[in-house]
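Colleague: Handing you this structure, nothing more for now.
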Amino acid sequence: MEAMKETVEESLREMRETFASGRTRSVKWRKTQLGAIIEMVKDNEDKLCDVLFQDLGKHSTEAFRDELGFVIRSATTALNCLDKWVVPKKTSLPLLFYPAKGKVLSEPYGTVLVLSSWNFPISLSLDPLIGAISAGNTVLLKASELSPNASAFLAKTIPAYLDNKAIKVIEGGPDVATILLKQQWDKIFFTGSPRIGKVILAAAAEHLTPVTLELGGKCPTIVDHHSVSKDMKSVVKRISGGKWGSASGQACISVDYILIEKSFASSLIDMLKPVIKSFFGENPKESGCLSRIVSKQHFQRLARLLNDPGVKASIVYGGSMDEDKLYVEPTILLDPPLDSEIMNEEIFGPILPIITLRDIQESIGFIKSKPKPLAIYAFTNDENLKTRILSETSSGSVTFNDVMIQYMCDALPFGGVGQSGIGRYHGKYSFECFSHDKAIMEGSLAMDLEARYPPWNSFKLNFIRLAFREDYFKLVLLMLGIIKK
Ligand SMILES: NC(=O)c1ccc[n+]([C@@H]2O[C@H](COP(=O)([O-])OP(=O)(O)OC[C@H]3O[C@@H](n4cnc5c(N)ncnc54)[C@H](O)[C@@H]3O)[C@@H](O)[C@H]2O)c1
């Protein structure tokens, strides 16, 4: 680890020198790097699909939708919008400050650290990189040790395409992350669990480093069958796609559990079963369309959650597992105990608990009794329920009548709140995430107000009172001596 420490320190020195040279601030440099990311992904499409298959058993179509295509789109948006994003934003100042002018200048933080997760190892590494480069930073990226093929690909290929004095990749696990976190960074961007998020925040506090924490949690899905009854086919397909169609439920914004009225639960289960079969056939293990569980440790975690006697008794569909193939069958639970681990931990796997309520309005109280989720999904056309969800709950996002697509829409900010994270990114928000908004005030020496300066007296106090109220008419009267206050 001594050698790794030296490598990290040397990398940091070089990145700092590069940043200090001013090269990464130029829009031309940023665009060249963004173009190179697009080229890298396009040139290596087959290789990337291979590594994602090796690490997670992802089908190449799923890999393209969730990772390669997503990254190409994100870098293209940044390339197309960068000229607009970098322009300092003029702000109109109150008359009180006349003749000063104000603007906001987005400046790069400097040298940033990006730590990413294994479930979307390419997009969760490259998308923050796109934001950091757009904003003009130098970047060190560490992908997750749990997706070793993706991590090795990034470490080998990024230096061949990007400016390797400004953008570096280091491979490794928690021991390497610990060395990295001991250094002083200008910004840390972390994607991972709330548990390690706390470690990151504590390390960042040492140097007062700003952080973005993209964390996880349990994303509830409300099904208000009364108002969506004629569209239930689509509802069930979307839920199934959100639970089993993306990394086999190993996604931070995956549907974690469903809230539904008791009277409709068995109908929902009857509708889910054929959809699972239509997605993955009679034998999902051999379908090639269901990602595998990332590691033995995560498999055993899911097995432990499922083997809780109360949970096991609630299985109404699926439940089989194969440790050698790291396979967990798409599984549905009906009313598992609310105090079980599976109902209190992020599931991060292909298991779908259905929790029944007497009245769907109770879903609000249920969600409020838990930590703030990264996403809330609600299938409803009831405007009153929608308003209640928006005004009475807090979450990173709310999506009505769909799941997970909010992630793909880069016109919306993506991030959590409370336990599910700090900060946001995607599209223009990524540029902002990696920029410091510097306030610029251009004053003028043309005129001076004596009321700003001591010695203090009642005239100056009255002047300041009126100035705070921006009561210009009375200010003029005060200065002319027509009024006293
Ligand atoms: N909000 C999002 O965008 C998003 C996306 C994907 C995953 N997630 C969340 O990530 C979690 C799953 O990912 P994970 O298992 O990779 O998370 P994790 O927290 O275990 O690991 C994330 C990163 O932290 C590093 N790390 C691990 N232990 C560390 C330590 N002790 N000190 C410093 N760094 C350490 C890892 O090497 C990895 O790079 C879930 O909670 C999921 O919801 C969130």
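Numbering starts fresh at 1 for the residues of each chain in the structure tokens, the chains themselves are lettered A, B, ... in the order given, and ligands are numbered from 1 as they appear.
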For the helix (DSSP H, G or I) assignment from backbone DSSP, which residues of stretch 382-435 of chain A qualify? Please present them as a PDB file with all heavy atoms, in the first residue's frame.

Modeller:
ATOM      1  N   GLU A 383     -55.745  13.360  -8.627  1.00  0.00           N
ATOM      2  CA  GLU A 383     -54.982  14.606  -8.407  1.00  0.00           C
ATOM      3  C   GLU A 383     -54.795  14.897  -6.921  1.00  0.00           C
ATOM      4  O   GLU A 383     -53.773  15.456  -6.512  1.00  0.00           O
ATOM      5  CB  GLU A 383     -55.681  15.796  -9.097  1.00  0.00           C
ATOM      6  CG  GLU A 383     -55.669  15.737 -10.620  1.00  0.00           C
ATOM      7  CD  GLU A 383     -54.273  15.587 -11.227  1.00  0.00           C
ATOM      8  OE1 GLU A 383     -53.328  16.207 -10.708  1.00  0.00           O
ATOM      9  OE2 GLU A 383     -54.121  14.823 -12.210  1.00  0.00           O
ATOM     10  N   ASN A 384     -55.758  14.490  -6.122  1.00  0.00           N
ATOM     11  CA  ASN A 384     -55.653  14.735  -4.684  1.00  0.00           C
ATOM     12  C   ASN A 384     -54.513  13.901  -4.084  1.00  0.00           C
ATOM     13  O   ASN A 384     -53.695  14.392  -3.300  1.00  0.00           O
ATOM     14  CB  ASN A 384     -56.996  14.396  -4.017  1.00  0.00           C
ATOM     15  CG  ASN A 384     -56.914  14.549  -2.528  1.00  0.00           C
ATOM     16  OD1 ASN A 384     -56.406  15.550  -2.037  1.00  0.00           O
ATOM     17  ND2 ASN A 384     -57.390  13.544  -1.791  1.00  0.00           N
ATOM     18  N   LEU A 385     -54.416  12.639  -4.526  1.00  0.00           N
ATOM     19  CA  LEU A 385     -53.332  11.776  -4.026  1.00  0.00           C
ATOM     20  C   LEU A 385     -51.970  12.316  -4.502  1.00  0.00           C
ATOM     21  O   LEU A 385     -51.005  12.363  -3.736  1.00  0.00           O
ATOM     22  CB  LEU A 385     -53.540  10.327  -4.497  1.00  0.00           C
ATOM     23  CG  LEU A 385     -52.500   9.308  -3.999  1.00  0.00           C
ATOM     24  CD1 LEU A 385     -52.454   9.240  -2.473  1.00  0.00           C
ATOM     25  CD2 LEU A 385     -52.782   7.913  -4.574  1.00  0.00           C
ATOM     26  N   LYS A 386     -51.935  12.749  -5.766  1.00  0.00           N
ATOM     27  CA  LYS A 386     -50.685  13.317  -6.293  1.00  0.00           C
ATOM     28  C   LYS A 386     -50.244  14.504  -5.446  1.00  0.00           C
ATOM     29  O   LYS A 386     -49.071  14.620  -5.064  1.00  0.00           O
ATOM     30  CB  LYS A 386     -50.869  13.783  -7.747  1.00  0.00           C
ATOM     31  CG  LYS A 386     -50.946  12.665  -8.754  1.00  0.00           C
ATOM     32  CD  LYS A 386     -51.001  13.271 -10.154  1.00  0.00           C
ATOM     33  CE  LYS A 386     -51.129  12.207 -11.213  1.00  0.00           C
ATOM     34  NZ  LYS A 386     -51.231  12.748 -12.552  1.00  0.00           N
ATOM     35  N   THR A 387     -51.198  15.393  -5.152  1.00  0.00           N
ATOM     36  CA  THR A 387     -50.860  16.587  -4.366  1.00  0.00           C
ATOM     37  C   THR A 387     -50.359  16.186  -2.978  1.00  0.00           C
ATOM     38  O   THR A 387     -49.387  16.754  -2.473  1.00  0.00           O
ATOM     39  CB  THR A 387     -52.100  17.500  -4.235  1.00  0.00           C
ATOM     40  OG1 THR A 387     -52.565  17.772  -5.543  1.00  0.00           O
ATOM     41  CG2 THR A 387     -51.786  18.802  -3.536  1.00  0.00           C
ATOM     42  N   ARG A 388     -51.025  15.192  -2.392  1.00  0.00           N
ATOM     43  CA  ARG A 388     -50.591  14.750  -1.056  1.00  0.00           C
ATOM     44  C   ARG A 388     -49.164  14.187  -1.106  1.00  0.00           C
ATOM     45  O   ARG A 388     -48.344  14.481  -0.236  1.00  0.00           O
ATOM     46  CB  ARG A 388     -51.551  13.685  -0.507  1.00  0.00           C
ATOM     47  CG  ARG A 388     -52.885  14.250  -0.030  1.00  0.00           C
ATOM     48  CD  ARG A 388     -53.581  13.267   0.891  1.00  0.00           C
ATOM     49  NE  ARG A 388     -52.838  13.042   2.118  1.00  0.00           N
ATOM     50  CZ  ARG A 388     -52.968  11.967   2.893  1.00  0.00           C
ATOM     51  NH1 ARG A 388     -53.812  11.013   2.560  1.00  0.00           N
ATOM     52  NH2 ARG A 388     -52.259  11.837   3.996  1.00  0.00           N
ATOM     53  N   ILE A 389     -48.874  13.396  -2.134  1.00  0.00           N
ATOM     54  CA  ILE A 389     -47.523  12.816  -2.250  1.00  0.00           C
ATOM     55  C   ILE A 389     -46.486  13.940  -2.351  1.00  0.00           C
ATOM     56  O   ILE A 389     -45.458  13.933  -1.671  1.00  0.00           O
ATOM     57  CB  ILE A 389     -47.431  11.866  -3.476  1.00  0.00           C
ATOM     58  CG1 ILE A 389     -48.300  10.637  -3.239  1.00  0.00           C
ATOM     59  CG2 ILE A 389     -45.986  11.458  -3.749  1.00  0.00           C
ATOM     60  CD1 ILE A 389     -48.536   9.786  -4.480  1.00  0.00           C
ATOM     61  N   LEU A 390     -46.781  14.912  -3.208  1.00  0.00           N
ATOM     62  CA  LEU A 390     -45.818  15.993  -3.428  1.00  0.00           C
ATOM     63  C   LEU A 390     -45.641  16.865  -2.193  1.00  0.00           C
ATOM     64  O   LEU A 390     -44.527  17.312  -1.891  1.00  0.00           O
ATOM     65  CB  LEU A 390     -46.232  16.852  -4.623  1.00  0.00           C
ATOM     66  CG  LEU A 390     -46.194  16.159  -5.983  1.00  0.00           C
ATOM     67  CD1 LEU A 390     -46.638  17.115  -7.078  1.00  0.00           C
ATOM     68  CD2 LEU A 390     -44.795  15.630  -6.291  1.00  0.00           C
ATOM     69  N   SER A 391     -46.746  17.115  -1.497  1.00  0.00           N
ATOM     70  CA  SER A 391     -46.632  18.082  -0.396  1.00  0.00           C
ATOM     71  C   SER A 391     -46.347  17.442   0.954  1.00  0.00           C
ATOM     72  O   SER A 391     -45.793  18.095   1.832  1.00  0.00           O
ATOM     73  CB  SER A 391     -47.897  18.945  -0.313  1.00  0.00           C
ATOM     74  OG  SER A 391     -49.003  18.110  -0.049  1.00  0.00           O
ATOM     75  N   GLU A 392     -46.674  16.163   1.119  1.00  0.00           N
ATOM     76  CA  GLU A 392     -46.500  15.567   2.452  1.00  0.00           C
ATOM     77  C   GLU A 392     -45.290  14.648   2.574  1.00  0.00           C
ATOM     78  O   GLU A 392     -44.931  14.248   3.675  1.00  0.00           O
ATOM     79  CB  GLU A 392     -47.777  14.791   2.838  1.00  0.00           C
ATOM     80  CG  GLU A 392     -48.988  15.696   2.997  1.00  0.00           C
ATOM     81  CD  GLU A 392     -50.241  14.909   3.384  1.00  0.00           C
ATOM     82  OE1 GLU A 392     -50.129  13.944   4.141  1.00  0.00           O
ATOM     83  OE2 GLU A 392     -51.327  15.281   2.904  1.00  0.00           O
ATOM     84  N   ILE A 405     -37.569   6.236 -15.427  1.00  0.00           N
ATOM     85  CA  ILE A 405     -37.215   7.076 -16.586  1.00  0.00           C
ATOM     86  C   ILE A 405     -36.719   8.459 -16.180  1.00  0.00           C
ATOM     87  O   ILE A 405     -36.067   9.129 -16.971  1.00  0.00           O
ATOM     88  CB  ILE A 405     -38.362   7.247 -17.607  1.00  0.00           C
ATOM     89  CG1 ILE A 405     -39.625   7.673 -16.888  1.00  0.00           C
ATOM     90  CG2 ILE A 405     -38.579   6.042 -18.474  1.00  0.00           C
ATOM     91  CD1 ILE A 405     -40.542   8.436 -17.794  1.00  0.00           C
ATOM     92  N   GLN A 406     -37.031   8.877 -14.953  1.00  0.00           N
ATOM     93  CA  GLN A 406     -36.537  10.187 -14.510  1.00  0.00           C
ATOM     94  C   GLN A 406     -35.009  10.237 -14.569  1.00  0.00           C
ATOM     95  O   GLN A 406     -34.414  11.279 -14.793  1.00  0.00           O
ATOM     96  CB  GLN A 406     -37.055  10.523 -13.100  1.00  0.00           C
ATOM     97  CG  GLN A 406     -36.377   9.846 -11.921  1.00  0.00           C
ATOM     98  CD  GLN A 406     -36.872   8.430 -11.639  1.00  0.00           C
ATOM     99  OE1 GLN A 406     -37.555   7.829 -12.445  1.00  0.00           O
ATOM    100  NE2 GLN A 406     -36.507   7.878 -10.495  1.00  0.00           N
ATOM    101  N   TYR A 407     -34.380   9.068 -14.418  1.00  0.00           N
ATOM    102  CA  TYR A 407     -32.907   8.997 -14.446  1.00  0.00           C
ATOM    103  C   TYR A 407     -32.373   9.359 -15.835  1.00  0.00           C
ATOM    104  O   TYR A 407     -31.331   9.979 -15.983  1.00  0.00           O
ATOM    105  CB  TYR A 407     -32.472   7.575 -14.057  1.00  0.00           C
ATOM    106  CG  TYR A 407     -30.983   7.404 -13.992  1.00  0.00           C
ATOM    107  CD1 TYR A 407     -30.281   7.760 -12.840  1.00  0.00           C
ATOM    108  CD2 TYR A 407     -30.258   6.916 -15.082  1.00  0.00           C
ATOM    109  CE1 TYR A 407     -28.909   7.631 -12.778  1.00  0.00           C
ATOM    110  CE2 TYR A 407     -28.882   6.776 -15.023  1.00  0.00           C
ATOM    111  CZ  TYR A 407     -28.214   7.138 -13.870  1.00  0.00           C
ATOM    112  OH  TYR A 407     -26.846   7.016 -13.811  1.00  0.00           O
ATOM    113  N   MET A 408     -33.127   8.922 -16.842  1.00  0.00           N
ATOM    114  CA  MET A 408     -32.680   9.112 -18.230  1.00  0.00           C
ATOM    115  C   MET A 408     -32.921  10.543 -18.717  1.00  0.00           C
ATOM    116  O   MET A 408     -32.365  10.944 -19.727  1.00  0.00           O
ATOM    117  CB  MET A 408     -33.459   8.165 -19.162  1.00  0.00           C
ATOM    118  CG  MET A 408     -33.184   6.710 -18.914  1.00  0.00           C
ATOM    119  SD  MET A 408     -31.561   6.291 -19.574  1.00  0.00           S
ATOM    120  CE  MET A 408     -31.377   4.605 -19.033  1.00  0.00           C
ATOM    121  N   GLY A 418     -31.732  13.758   2.350  1.00  0.00           N
ATOM    122  CA  GLY A 418     -31.620  13.014   3.611  1.00  0.00           C
ATOM    123  C   GLY A 418     -30.736  11.800   3.419  1.00  0.00           C
ATOM    124  O   GLY A 418     -29.662  11.880   2.826  1.00  0.00           O
ATOM    125  N   GLN A 419     -31.229  10.632   3.843  1.00  0.00           N
ATOM    126  CA  GLN A 419     -30.457   9.374   3.746  1.00  0.00           C
ATOM    127  C   GLN A 419     -30.120   8.983   2.312  1.00  0.00           C
ATOM    128  O   GLN A 419     -29.226   8.181   2.082  1.00  0.00           O
ATOM    129  CB  GLN A 419     -31.308   8.236   4.326  1.00  0.00           C
ATOM    130  CG  GLN A 419     -31.364   8.203   5.809  1.00  0.00           C
ATOM    131  CD  GLN A 419     -30.512   7.052   6.343  1.00  0.00           C
ATOM    132  OE1 GLN A 419     -29.818   6.382   5.614  1.00  0.00           O
ATOM    133  NE2 GLN A 419     -30.583   6.847   7.637  1.00  0.00           N
ATOM    134  N   SER A 420     -30.907   9.490   1.342  1.00  0.00           N
ATOM    135  CA  SER A 420     -30.669   9.047  -0.034  1.00  0.00           C
ATOM    136  C   SER A 420     -29.662   9.935  -0.780  1.00  0.00           C
ATOM    137  O   SER A 420     -29.364   9.656  -1.951  1.00  0.00           O
ATOM    138  CB  SER A 420     -31.983   8.933  -0.815  1.00  0.00           C
ATOM    139  OG  SER A 420     -32.701  10.137  -0.796  1.00  0.00           O
ATOM    140  N   LYS A 428     -27.321  19.827 -17.312  1.00  0.00           N
ATOM    141  CA  LYS A 428     -26.744  21.078 -16.831  1.00  0.00           C
ATOM    142  C   LYS A 428     -26.424  21.006 -15.335  1.00  0.00           C
ATOM    143  O   LYS A 428     -25.502  21.651 -14.840  1.00  0.00           O
ATOM    144  CB  LYS A 428     -27.737  22.215 -17.108  1.00  0.00           C
ATOM    145  CG  LYS A 428     -27.254  23.555 -16.637  1.00  0.00           C
ATOM    146  CD  LYS A 428     -28.054  24.661 -17.279  1.00  0.00           C
ATOM    147  CE  LYS A 428     -27.462  26.007 -16.952  1.00  0.00           C
ATOM    148  NZ  LYS A 428     -27.901  26.504 -15.663  1.00  0.00           N
ATOM    149  N   TYR A 429     -27.198  20.195 -14.616  1.00  0.00           N
ATOM    150  CA  TYR A 429     -26.957  20.058 -13.170  1.00  0.00           C
ATOM    151  C   TYR A 429     -25.598  19.420 -12.893  1.00  0.00           C
ATOM    152  O   TYR A 429     -25.013  19.631 -11.837  1.00  0.00           O
ATOM    153  CB  TYR A 429     -28.085  19.263 -12.509  1.00  0.00           C
ATOM    154  CG  TYR A 429     -29.435  19.905 -12.723  1.00  0.00           C
ATOM    155  CD1 TYR A 429     -30.301  19.438 -13.701  1.00  0.00           C
ATOM    156  CD2 TYR A 429     -29.822  21.014 -11.986  1.00  0.00           C
ATOM    157  CE1 TYR A 429     -31.520  20.043 -13.930  1.00  0.00           C
ATOM    158  CE2 TYR A 429     -31.043  21.635 -12.208  1.00  0.00           C
ATOM    159  CZ  TYR A 429     -31.885  21.144 -13.181  1.00  0.00           C
ATOM    160  OH  TYR A 429     -33.086  21.753 -13.411  1.00  0.00           O
ATOM    161  N   SER A 430     -25.087  18.621 -13.854  1.00  0.00           N
ATOM    162  CA  SER A 430     -23.750  18.039 -13.681  1.00  0.00           C
ATOM    163  C   SER A 430     -22.692  19.136 -13.768  1.00  0.00           C
ATOM    164  O   SER A 430     -21.740  19.157 -12.998  1.00  0.00           O
ATOM    165  CB  SER A 430     -23.466  17.005 -14.781  1.00  0.00           C
ATOM    166  OG  SER A 430     -24.205  15.848 -14.558  1.00  0.00           O
ATOM    167  N   PHE A 431     -22.882  20.020 -14.732  1.00  0.00           N
ATOM    168  CA  PHE A 431     -21.956  21.150 -14.871  1.00  0.00           C
ATOM    169  C   PHE A 431     -21.954  21.961 -13.577  1.00  0.00           C
ATOM    170  O   PHE A 431     -20.911  22.310 -13.033  1.00  0.00           O
ATOM    171  CB  PHE A 431     -22.394  22.012 -16.068  1.00  0.00           C
ATOM    172  CG  PHE A 431     -21.609  23.274 -16.233  1.00  0.00           C
ATOM    173  CD1 PHE A 431     -20.384  23.258 -16.867  1.00  0.00           C
ATOM    174  CD2 PHE A 431     -22.103  24.487 -15.746  1.00  0.00           C
ATOM    175  CE1 PHE A 431     -19.642  24.428 -17.015  1.00  0.00           C
ATOM    176  CE2 PHE A 431     -21.386  25.656 -15.888  1.00  0.00           C
ATOM    177  CZ  PHE A 431     -20.143  25.628 -16.529  1.00  0.00           C
ATOM    178  N   GLU A 432     -23.149  22.216 -13.044  1.00  0.00           N
ATOM    179  CA  GLU A 432     -23.256  23.002 -11.808  1.00  0.00           C
ATOM    180  C   GLU A 432     -22.670  22.247 -10.616  1.00  0.00           C
ATOM    181  O   GLU A 432     -22.066  22.846  -9.727  1.00  0.00           O
ATOM    182  CB  GLU A 432     -24.720  23.350 -11.531  1.00  0.00           C
ATOM    183  CG  GLU A 432     -25.267  24.333 -12.548  1.00  0.00           C
ATOM    184  CD  GLU A 432     -26.762  24.593 -12.412  1.00  0.00           C
ATOM    185  OE1 GLU A 432     -27.427  23.950 -11.579  1.00  0.00           O
ATOM    186  OE2 GLU A 432     -27.258  25.436 -13.166  1.00  0.00           O
ATOM    187  N   CYS A 433     -22.860  20.932 -10.627  1.00  0.00           N
ATOM    188  CA  CYS A 433     -22.376  20.098  -9.519  1.00  0.00           C
ATOM    189  C   CYS A 433     -20.854  20.208  -9.360  1.00  0.00           C
ATOM    190  O   CYS A 433     -20.335  20.139  -8.253  1.00  0.00           O
ATOM    191  CB  CYS A 433     -22.800  18.654  -9.823  1.00  0.00           C
ATOM    192  SG  CYS A 433     -22.084  17.420  -8.792  1.00  0.00           S
TER     193      CYS A 433
END

Colleague: Name the residues, by chain letter and number, that sit within 6 Å of ligand 1 using only C-alpha atoms and all ligand atoms, and give them as a PDB file with C-alpha atoms, in the first residue's frame.

Modeller:
ATOM      1  CA  LEU A 115     -15.752   7.128  -6.506  1.00  0.00           C
ATOM      2  CA  SER A 116     -18.309   4.975  -8.277  1.00  0.00           C
ATOM      3  CA  SER A 117     -20.449   1.922  -7.705  1.00  0.00           C
ATOM      4  CA  TRP A 118     -20.520  -1.473  -9.457  1.00  0.00           C
ATOM      5  CA  ALA A 143     -14.500   2.521 -10.024  1.00  0.00           C
ATOM      6  CA  SER A 144     -15.702  -0.305  -7.784  1.00  0.00           C
ATOM      7  CA  GLU A 145     -13.643  -3.412  -7.066  1.00  0.00           C
ATOM      8  CA  GLY A 173     -11.181  -1.353  -3.211  1.00  0.00           C
ATOM      9  CA  PRO A 174     -11.770   0.200   0.205  1.00  0.00           C
ATOM     10  CA  ALA A 177     -10.349   4.500  -1.360  1.00  0.00           C
ATOM     11  CA  THR A 178      -9.017   5.103   2.165  1.00  0.00           C
ATOM     12  CA  THR A 191     -21.943   6.962  -5.645  1.00  0.00           C
ATOM     13  CA  GLY A 192     -22.627   4.143  -3.232  1.00  0.00           C
ATOM     14  CA  SER A 193     -24.325   3.093  -0.037  1.00  0.00           C
ATOM     15  CA  ILE A 196     -19.970   4.308   3.107  1.00  0.00           C
ATOM     16  CA  GLU A 214     -25.424   9.779  -4.661  1.00  0.00           C
ATOM     17  CA  LEU A 215     -26.767   7.177  -2.252  1.00  0.00           C
ATOM     18  CA  GLY A 216     -29.605   4.677  -2.184  1.00  0.00           C
ATOM     19  CA  GLY A 217     -32.505   3.491  -0.107  1.00  0.00           C
ATOM     20  CA  ALA A 251     -30.314  -0.287  -9.036  1.00  0.00           C
ATOM     21  CA  CYS A 252     -30.600   2.634  -6.643  1.00  0.00           C
TER      22      CYS A 252
END

Colleague: Suppose you want the space between atom CA of A:Leu306 and atom CA of A:Gln250; what is it in Å?

Modeller: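 Result for atom CA of A:Leu306 versus atom CA of A:Gln250: 15.6 Å, one decimal.
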
Colleague: Smallest atom-to-atom distance to A:Lys182: which of A:Ala204, A:Lys198, A:Tyr98, A:Ile483, using only C-alpha atoms?

Modeller: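 Counting only C-alpha atoms, the residue closest to A:Lys182 is A:Ala204.
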
Colleague: Can you work out which one of A:Lys28, A:Lys101, A:His59, A:Arg304 has the shortest atom-to-atom distance to A:Glu286, counting only C-alpha atoms?

Modeller: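 Checking each of A:Lys28, A:Lys101, A:His59, A:Arg304 against A:Glu286, counting only C-alpha atoms, the winner is A:His59.
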
Colleague: Compile a residue-level contact table for stretch 50-158 of chain A against stretch 448-461 of chain A at a cut-off of 12 Å, reporting for every qualifying residue the shortest atom pair and its distance in Å to one decimal, with only C-alpha atoms counted, rows ordered by chain and ascending number, as CSV.

Modeller:
residue,atom,partner,partner_atom,distance
A:Leu96,CA,A:Leu449,CA,10.7
A:Phe97,CA,A:Leu449,CA,10.6
A:Tyr98,CA,A:Asp448,CA,10.5
A:Pro99,CA,A:Asp448,CA,10.6
A:Ala100,CA,A:Asp448,CA,11.6

Colleague: Using only C-alpha atoms for the distances, tell me which of A:Lys233, A:Lys285, A:Arg301, A:Lys58 is nearest to A:Ser320.

Modeller: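 Ranked by minimum distance to A:Ser320, first place goes to A:Lys285.
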
Colleague: I'd like the interatomic distance between atom CA of A:Asp175 and atom CA of A:Ile200, to a tenth of an Å.

Modeller: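 Distance between the two atoms: 13.1 Å.
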
Colleague: Report as a PyMOL selection string all protein, DNA and RNA residues lying within 12 Å of A:Lys230, evaluated on only C-alpha atoms, omitting residues in the same chain fewer than 6 positions from it.

Modeller: chain A and resi 224+236+379-381

Colleague: Find the distance between atom CA of A:Ser263 and atom CA of A:Ile351 and write it in Å to one decimal.

Modeller: 21.8 Å

Colleague: Would you mind listing, for every residue of stretch 298-317 of chain A within 12 Å of stretch 354-361 of chain A, the two atoms forming the shortest contact and the distance between them in Å to one decimal, using only C-alpha atoms, sorted by chain and ascending residue number, as a tab-separated table?

Modeller:
residue	atom	partner	partner_atom	distance
A:Val311	CA	A:Ile354	CA	11.6
A:Ser314	CA	A:Ile354	CA	9.6
A:Ile315	CA	A:Ile354	CA	10.1
A:Val316	CA	A:Ile354	CA	10.0
A:Tyr317	CA	A:Ile354	CA	11.5

Colleague: Might you pull out every residue within 10 Å of A:Pro274, with only C-alpha atoms counted and same-chain residues fewer than 6 positions away left off, and present them as a PDB file with C-alpha atoms, in the first residue's frame?

Modeller:
ATOM      1  CA  VAL A 236     -47.680  -4.069 -14.307  1.00  0.00           C
ATOM      2  CA  LYS A 237     -45.225  -4.042 -17.222  1.00  0.00           C
ATOM      3  CA  PHE A 280     -37.718 -14.058 -19.111  1.00  0.00           C
ATOM      4  CA  GLY A 281     -39.500 -17.196 -20.351  1.00  0.00           C
ATOM      5  CA  GLU A 282     -40.127 -20.339 -18.320  1.00  0.00           C
TER       6      GLU A 282
END

Colleague: Smallest atom-to-atom distance to A:Leu82: which of A:Leu146, A:Leu34, A:Ala3, A:Ala152, using only C-alpha atoms?

Modeller: A:Leu34
